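Here is work_18.txt, consisting of compact mmCIF, C-alpha atoms:
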```txt
# COMPACT_ATOMS: atom_id res chain seq x y z
CA MET A 2 18.80 76.84 -1.48
CA LYS A 3 17.46 73.33 -2.04
CA LEU A 4 13.74 73.49 -1.34
CA ASN A 5 11.66 70.66 0.04
CA TYR A 6 8.94 69.45 -2.32
CA LYS A 7 6.48 66.63 -2.73
CA LYS A 8 5.94 64.99 -6.11
CA ALA A 9 2.83 63.17 -7.30
CA GLY A 10 1.04 62.20 -10.49
CA THR A 11 1.90 61.86 -14.16
CA GLY A 12 1.67 64.26 -17.06
CA PRO A 13 3.01 67.74 -17.81
CA PRO A 14 4.76 69.37 -14.81
CA LEU A 15 2.76 71.73 -12.60
CA VAL A 16 4.62 73.50 -9.77
CA ILE A 17 2.46 74.94 -6.95
CA LEU A 18 3.67 77.54 -4.45
CA HIS A 19 1.84 78.17 -1.15
CA GLY A 20 1.20 81.50 0.57
CA LEU A 21 2.52 83.16 3.71
CA PHE A 22 2.50 80.96 6.86
CA GLY A 23 1.61 77.96 4.66
CA SER A 24 3.32 74.92 3.21
CA ALA A 25 3.06 72.35 0.47
CA ASP A 26 0.56 70.46 2.64
CA ASN A 27 -2.05 73.17 2.00
CA TRP A 28 -2.43 71.86 -1.56
CA PHE A 29 -2.75 68.10 -0.89
CA SER A 30 -6.51 67.98 -1.44
CA ILE A 31 -6.15 69.88 -4.73
CA ALA A 32 -3.28 67.61 -5.77
CA ARG A 33 -5.38 64.48 -5.30
CA GLU A 34 -7.75 65.75 -7.98
CA LEU A 35 -5.00 66.83 -10.39
CA LYS A 36 -2.49 63.98 -10.22
CA GLU A 37 -4.07 62.03 -13.06
CA ASP A 38 -3.46 64.95 -15.44
CA PHE A 39 -0.20 66.49 -14.16
CA THR A 40 3.12 65.69 -12.56
CA LEU A 41 2.72 67.86 -9.47
CA TYR A 42 5.48 69.49 -7.49
CA LEU A 43 4.15 70.91 -4.22
CA VAL A 44 6.88 73.19 -2.88
CA ASP A 45 7.77 74.51 0.57
CA GLN A 46 9.22 78.00 0.03
CA ARG A 47 12.18 79.05 2.17
CA ASN A 48 11.40 79.69 5.85
CA HIS A 49 8.25 77.56 5.51
CA GLY A 50 7.40 73.89 5.89
CA ASP A 51 10.36 71.51 5.66
CA SER A 52 12.52 73.77 3.51
CA PRO A 53 15.68 75.34 5.00
CA GLN A 54 15.50 78.54 7.00
CA SER A 55 17.50 81.66 6.26
CA ASP A 56 17.88 85.23 7.46
CA GLU A 57 17.52 86.31 3.82
CA TRP A 58 13.89 86.38 2.75
CA ASN A 59 12.56 88.35 -0.22
CA TYR A 60 11.16 87.67 -3.66
CA GLN A 61 14.53 87.86 -5.40
CA VAL A 62 15.95 84.96 -3.40
CA MET A 63 12.68 83.01 -3.61
CA VAL A 64 12.82 83.32 -7.42
CA GLU A 65 16.37 81.96 -7.42
CA ASP A 66 15.29 79.13 -5.09
CA LEU A 67 12.65 78.15 -7.63
CA TYR A 68 15.13 78.33 -10.52
CA GLU A 69 17.43 75.96 -8.62
CA LEU A 70 14.51 73.64 -7.92
CA LEU A 71 13.58 73.37 -11.61
CA ASP A 72 17.16 72.44 -12.42
CA THR A 73 17.17 69.90 -9.58
CA ILE A 74 14.00 68.17 -10.75
CA GLY A 75 15.09 68.32 -14.38
CA GLU A 76 12.17 70.36 -15.70
CA ASP A 77 13.10 72.95 -18.32
CA LYS A 78 9.60 74.41 -18.61
CA VAL A 79 6.62 74.07 -16.28
CA TYR A 80 3.12 75.19 -15.60
CA LEU A 81 3.53 77.46 -12.57
CA MET A 82 0.89 78.33 -9.99
CA GLY A 83 1.17 80.36 -6.80
CA HIS A 84 -1.24 81.58 -4.14
CA SER A 85 -0.82 84.93 -2.36
CA MET A 86 2.89 85.19 -1.45
CA GLY A 87 3.47 82.22 -3.74
CA GLY A 88 1.66 84.12 -6.48
CA LYS A 89 4.07 87.02 -6.06
CA THR A 90 6.99 84.58 -6.30
CA ALA A 91 5.45 83.03 -9.41
CA MET A 92 4.87 86.42 -11.07
CA ASN A 93 8.43 87.53 -10.35
CA PHE A 94 9.78 84.23 -11.65
CA ALA A 95 7.78 84.45 -14.90
CA LEU A 96 9.08 87.97 -15.53
CA THR A 97 12.68 86.96 -14.74
CA TYR A 98 12.73 83.55 -16.47
CA PRO A 99 9.84 83.56 -18.98
CA ASP A 100 11.33 80.69 -20.99
CA ARG A 101 10.87 78.37 -18.00
CA VAL A 102 7.11 78.99 -17.67
CA GLU A 103 4.65 77.38 -20.09
CA LYS A 104 1.58 78.96 -18.50
CA LEU A 105 1.09 80.92 -15.29
CA ILE A 106 -1.70 80.82 -12.69
CA VAL A 107 -1.83 83.48 -9.95
CA ALA A 108 -4.30 82.89 -7.11
CA ASP A 109 -5.76 85.95 -5.34
CA ILE A 110 -2.90 88.41 -5.49
CA ALA A 111 -2.07 91.34 -7.79
CA PRO A 112 1.29 92.89 -8.76
CA ARG A 113 0.73 95.97 -6.57
CA TYR A 114 2.07 96.83 -3.14
CA TYR A 115 0.09 95.55 -0.13
CA PRO A 116 0.47 97.29 3.24
CA VAL A 117 1.36 95.09 6.20
CA HIS A 118 -1.86 93.57 7.53
CA HIS A 119 -0.70 90.50 9.45
CA GLN A 120 -0.01 92.20 12.79
CA GLN A 121 -2.74 90.30 14.65
CA ILE A 122 -1.47 86.95 13.38
CA LEU A 123 2.14 87.77 14.19
CA GLU A 124 1.23 88.98 17.68
CA GLY A 125 -0.63 85.74 18.30
CA LEU A 126 2.15 83.49 17.01
CA ASN A 127 4.85 85.37 18.90
CA SER A 128 2.81 85.28 22.12
CA LEU A 129 3.12 81.50 22.38
CA ASN A 130 5.93 80.24 24.59
CA LEU A 131 6.30 76.85 22.96
CA SER A 132 8.48 75.50 25.77
CA GLU A 133 5.47 75.81 28.09
CA ILE A 134 2.81 74.47 25.69
CA PRO A 135 1.90 70.85 26.56
CA SER A 136 -0.59 70.18 23.77
CA ARG A 137 -2.02 71.44 20.48
CA LYS A 138 -5.28 72.07 22.30
CA GLU A 139 -3.60 74.55 24.65
CA ALA A 140 -1.72 76.14 21.74
CA ASP A 141 -5.06 76.70 20.02
CA GLU A 142 -6.62 78.15 23.17
CA LYS A 143 -3.77 80.63 23.71
CA LEU A 144 -3.72 81.58 20.04
CA GLY A 145 -7.46 82.19 20.31
CA GLU A 146 -6.78 85.10 22.68
CA HIS A 147 -5.39 86.96 19.67
CA ILE A 148 -7.05 85.24 16.69
CA PRO A 149 -10.75 84.46 17.21
CA GLU A 150 -11.31 82.85 13.77
CA LEU A 151 -11.10 79.06 14.17
CA GLY A 152 -10.27 78.45 10.51
CA THR A 153 -7.34 80.86 10.63
CA ARG A 154 -5.98 79.22 13.78
CA GLN A 155 -6.29 75.76 12.27
CA PHE A 156 -4.38 76.92 9.21
CA LEU A 157 -1.61 78.49 11.30
CA LEU A 158 -1.28 75.52 13.62
CA LYS A 159 -0.46 73.29 10.64
CA SER A 160 2.98 74.89 10.88
CA LEU A 161 3.40 73.74 14.49
CA GLY A 162 5.75 70.75 14.52
CA ARG A 163 7.63 68.73 17.10
CA ASP A 164 11.25 67.84 17.74
CA SER A 165 12.94 66.00 20.62
CA ASN A 166 12.44 69.03 22.87
CA GLY A 167 8.75 69.62 22.18
CA PHE A 168 6.82 71.97 19.91
CA VAL A 169 8.60 74.10 17.29
CA TRP A 170 7.46 76.37 14.49
CA LYS A 171 8.18 75.05 11.02
CA ILE A 172 8.05 78.64 9.80
CA ASN A 173 10.97 80.95 10.55
CA LEU A 174 8.87 83.18 12.76
CA PRO A 175 11.60 85.67 13.84
CA VAL A 176 12.71 86.38 10.26
CA ILE A 177 9.15 86.61 8.94
CA THR A 178 8.22 88.98 11.78
CA GLU A 179 11.23 91.22 11.19
CA ASN A 180 10.84 91.28 7.40
CA ILE A 181 7.06 91.13 7.03
CA GLU A 182 7.03 94.18 4.74
CA GLU A 183 8.84 92.11 2.10
CA VAL A 184 5.77 89.98 1.46
CA GLY A 185 3.73 92.96 0.26
CA GLN A 186 6.28 94.40 -2.14
CA LYS A 187 5.06 95.30 -5.63
CA LEU A 188 6.53 93.88 -8.81
CA GLU A 189 9.51 95.89 -10.01
CA SER A 190 10.37 94.98 -13.59
CA ASP A 191 10.62 96.45 -17.08
CA GLU A 192 9.82 93.02 -18.56
CA GLN A 193 6.57 91.36 -19.59
CA TYR A 194 5.54 87.73 -19.47
CA GLU A 195 3.79 87.13 -22.77
CA GLY A 196 2.56 83.61 -22.04
CA LYS A 197 -1.02 82.78 -21.13
CA THR A 198 -1.79 83.84 -17.55
CA LEU A 199 -4.82 83.11 -15.39
CA PHE A 200 -5.61 85.24 -12.35
CA LEU A 201 -8.02 83.54 -9.95
CA ALA A 202 -9.76 85.86 -7.49
CA GLY A 203 -11.97 85.02 -4.55
CA ALA A 204 -15.26 86.83 -5.12
CA LYS A 205 -15.39 87.64 -1.39
CA SER A 206 -11.77 88.79 -1.28
CA ASP A 207 -10.44 92.29 -1.93
CA TYR A 208 -6.93 91.20 -2.85
CA ILE A 209 -7.62 91.67 -6.57
CA LYS A 210 -9.66 94.78 -7.42
CA GLU A 211 -10.90 96.18 -10.71
CA SER A 212 -8.30 98.93 -10.33
CA ASP A 213 -5.57 96.27 -10.47
CA CYS A 214 -6.41 95.19 -14.02
CA GLN A 215 -4.32 97.81 -15.79
CA ASP A 216 -1.34 96.96 -13.61
CA ILE A 217 -1.84 93.25 -14.32
CA TYR A 218 -2.06 93.93 -18.06
CA SER A 219 1.19 95.92 -18.03
CA PHE A 220 3.10 92.82 -16.89
CA PHE A 221 0.91 90.01 -18.24
CA PRO A 222 -0.77 91.15 -21.47
CA GLU A 223 -2.18 87.69 -22.21
CA TYR A 224 -4.07 87.42 -18.93
CA GLU A 225 -7.61 86.50 -18.02
CA LEU A 226 -9.30 87.08 -14.68
CA VAL A 227 -11.79 84.61 -13.20
CA LYS A 228 -13.64 85.22 -9.94
CA ILE A 229 -14.45 82.15 -7.85
CA PRO A 230 -17.97 82.55 -6.35
CA ASN A 231 -18.37 82.26 -2.57
CA ALA A 232 -14.61 82.21 -2.02
CA GLY A 233 -12.38 84.42 0.08
CA HIS A 234 -8.61 84.79 -0.02
CA TRP A 235 -8.04 81.07 0.68
CA LEU A 236 -10.10 80.20 -2.39
CA HIS A 237 -8.60 76.71 -2.75
CA ALA A 238 -9.88 75.86 0.73
CA ASP A 239 -13.25 77.63 0.32
CA GLN A 240 -14.15 76.31 -3.14
CA PRO A 241 -11.72 73.53 -4.12
CA ALA A 242 -13.93 72.05 -6.84
CA ALA A 243 -14.25 75.39 -8.62
CA VAL A 244 -10.50 76.03 -8.39
CA ILE A 245 -9.72 72.55 -9.75
CA GLN A 246 -12.17 73.10 -12.61
CA GLU A 247 -10.49 76.38 -13.59
CA ILE A 248 -6.99 74.90 -13.38
CA LYS A 249 -7.95 72.06 -15.71
CA ARG A 250 -9.82 74.33 -18.10
CA PHE A 251 -6.86 76.66 -18.41
CA LEU A 252 -4.05 74.12 -18.61
CA LEU A 253 -5.55 71.17 -20.46
```
Represent the structure contained in this file as structure tokens.
Amino acid sequence: MKLNYKKAGTGPPLVILHGLFGSADNWFSIARELKEDFTLYLVDQRNHGDSPQSDEWNYQVMVEDLYELLDTIGEDKVYLMGHSMGGKTAMNFALTYPDRVEKLIVADIAPRYYPVHHQQILEGLNSLNLSEIPSRKEADEKLGEHIPELGTRQFLLKSLGRDSNGFVWKINLPVITENIEEVGQKLESDEQYEGKTLFLAGAKSDYIKESDCQDIYSFFPEYELVKIPNAGHWLHADQPAAVIQEIKRFLL
């Protein structure tokens, strides 16, 4: 599958993968601060953003999508960074194709299994009858009946687009809803990635716990873990300056 991506900057290649319900656009503010040091590729993963949609959606196919992308852009080896679902894709890719990854950054996700915990979000998104929604304001109000957190709604509504018939989701909502358990799957591999790996954790998030460290080490023996103060799961939105600082420290 040929993924949509946005390219910016000059320097060594850095590919960034977004998380569930997100898109390449989530990383624009970070990219503005990195484009003087890196050639950035901000990627829409399948069933997200402006990339194609498919009934097949799991980490194996997302790894192969990324492999195809690297061939398309002509980059043999890249710095690779992924957040949440994108971090799982990045970890799987590094284990499958270690020779294509110079260094790896994983943002607020561990290799372990995560139980499904997006029911409230999925109920809210699926409750919207887009054919009857006249404005983004009304979409936000109706979504608020299920999701009270304004920041979460604003993030989700970034995936609300328009076509000639009105509002449409840029995410493949039916496939994501049906296959939501795929996003939490643990890493299954007998391989190790022996390159330098940075795990970034939000200090206010519980996605990476102390109990995960042995599991991380078993796949990524050359890892370091850095906690970003005053940041939750969306650490790049909560503390962008700190995230940028750590990216530059690790890669430059």
What gap, in Å, lies between CA of Val107 (chain A) and CA of Tyr208 (chain A)? 11.7 Å
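Considering the residues A:Ser160, A:Thr178, A:Gln120, A:Asn5 and counting all atoms listed in the file, Thr73 (chain A) has its shortest atom-to-atom contact with A:Asn5.
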I need the residue nearest Trp58 (chain A) from this list: A:Val184, A:Leu226, A:Ala242, A:Leu123. Use only C-alpha atoms for the distance. A:Val184
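Nearest to Val62 (chain A) of all the residues A:Val227, A:Ala238, A:Ala204, A:Met2 is A:Met2, counting all atoms listed in the file.
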Residues at most 9 Å from region 19-36 of chain A, counting all atoms listed in the file, excluding those fewer than 6 positions away in the same chain, as a PyMOL selection string? chain A and resi 5-7+9-12+42-46+49-51+82-88+156-157+159-160+172+174+177+184+237-238+241-242+244-245+248-249
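Considering the residues A:Ile181, A:Leu71, A:Leu131, A:Leu252 and counting all atoms listed in the file, Asn59 (chain A) has its shortest atom-to-atom contact with A:Ile181.
For the pair CA of Ala91 (chain A) and CA of Trp235 (chain A), the separation is 17.0 Å.
Rounded to one decimal, CA of Asn231 (chain A) and CA of Pro112 (chain A) lie 23.2 Å from each other.
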Mind checking which residues fall within 8 Å of Lys3 (chain A), counting all atoms listed in the file, ignoring those fewer than 2 positions away in the same chain, and posting them as a short mmCIF file (atom, residue, chain, number, x, y, z; two decimals) with C-alpha atoms, in the coordinates of the input?
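Produced file result.cif, reproduced below:
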```cif
data_model
loop_
_atom_site.label_atom_id
_atom_site.label_comp_id
_atom_site.auth_asym_id
_atom_site.auth_seq_id
_atom_site.Cartn_x
_atom_site.Cartn_y
_atom_site.Cartn_z
CA ASN A 5 11.66 70.66 0.04
CA SER A 52 12.52 73.77 3.51
CA PRO A 53 15.68 75.34 5.00
CA ASP A 66 15.29 79.13 -5.09
CA GLU A 69 17.43 75.96 -8.62
CA LEU A 70 14.51 73.64 -7.92
#
```
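The closest residue to Asp207 (chain A), picked from A:Phe39, A:Phe168, A:Tyr115, A:Gly152 and counting all atoms listed in the file, is A:Tyr115.
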Could you give me region 8-21 of chain A completed to N, CA and C atoms, formatted as a PDB file, keeping the file's coordinate frame?
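Listing of result_2.pdb after writing:
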```
ATOM      1  N   LYS A   8       6.251  65.273  -4.713  1.00  0.00           N
ATOM      2  CA  LYS A   8       5.940  64.990  -6.110  1.00  0.00           C
ATOM      3  C   LYS A   8       4.840  63.943  -6.193  1.00  0.00           C
ATOM      4  N   ALA A   9       3.920  64.135  -7.121  1.00  0.00           N
ATOM      5  CA  ALA A   9       2.830  63.170  -7.300  1.00  0.00           C
ATOM      6  C   ALA A   9       2.307  63.275  -8.728  1.00  0.00           C
ATOM      7  N   GLY A  10       1.747  62.172  -9.224  1.00  0.00           N
ATOM      8  CA  GLY A  10       1.040  62.200 -10.490  1.00  0.00           C
ATOM      9  C   GLY A  10       1.909  61.990 -11.712  1.00  0.00           C
ATOM     10  N   THR A  11       1.233  62.015 -12.873  1.00  0.00           N
ATOM     11  CA  THR A  11       1.900  61.860 -14.160  1.00  0.00           C
ATOM     12  C   THR A  11       1.304  62.864 -15.146  1.00  0.00           C
ATOM     13  N   GLY A  12       2.126  63.296 -16.076  1.00  0.00           N
ATOM     14  CA  GLY A  12       1.670  64.260 -17.060  1.00  0.00           C
ATOM     15  C   GLY A  12       2.594  65.467 -17.091  1.00  0.00           C
ATOM     16  N   PRO A  13       2.180  66.540 -17.755  1.00  0.00           N
ATOM     17  CA  PRO A  13       3.010  67.740 -17.810  1.00  0.00           C
ATOM     18  C   PRO A  13       3.238  68.311 -16.412  1.00  0.00           C
ATOM     19  N   PRO A  14       4.413  68.917 -16.164  1.00  0.00           N
ATOM     20  CA  PRO A  14       4.760  69.370 -14.810  1.00  0.00           C
ATOM     21  C   PRO A  14       3.999  70.634 -14.399  1.00  0.00           C
ATOM     22  N   LEU A  15       3.443  70.585 -13.202  1.00  0.00           N
ATOM     23  CA  LEU A  15       2.760  71.730 -12.600  1.00  0.00           C
ATOM     24  C   LEU A  15       3.367  71.960 -11.222  1.00  0.00           C
ATOM     25  N   VAL A  16       4.002  73.110 -11.041  1.00  0.00           N
ATOM     26  CA  VAL A  16       4.620  73.500  -9.770  1.00  0.00           C
ATOM     27  C   VAL A  16       3.667  74.430  -9.035  1.00  0.00           C
ATOM     28  N   ILE A  17       3.394  74.140  -7.755  1.00  0.00           N
ATOM     29  CA  ILE A  17       2.460  74.940  -6.950  1.00  0.00           C
ATOM     30  C   ILE A  17       3.182  75.508  -5.742  1.00  0.00           C
ATOM     31  N   LEU A  18       3.041  76.827  -5.553  1.00  0.00           N
ATOM     32  CA  LEU A  18       3.670  77.540  -4.450  1.00  0.00           C
ATOM     33  C   LEU A  18       2.602  78.047  -3.478  1.00  0.00           C
ATOM     34  N   HIS A  19       2.772  77.768  -2.201  1.00  0.00           N
ATOM     35  CA  HIS A  19       1.840  78.170  -1.150  1.00  0.00           C
ATOM     36  C   HIS A  19       2.015  79.634  -0.780  1.00  0.00           C
ATOM     37  N   GLY A  20       1.141  80.122   0.090  1.00  0.00           N
ATOM     38  CA  GLY A  20       1.200  81.500   0.570  1.00  0.00           C
ATOM     39  C   GLY A  20       1.895  81.632   1.912  1.00  0.00           C
ATOM     40  N   LEU A  21       1.883  82.844   2.435  1.00  0.00           N
ATOM     41  CA  LEU A  21       2.520  83.160   3.710  1.00  0.00           C
ATOM     42  C   LEU A  21       1.943  82.309   4.834  1.00  0.00           C
TER      43      LEU A  21
END
```
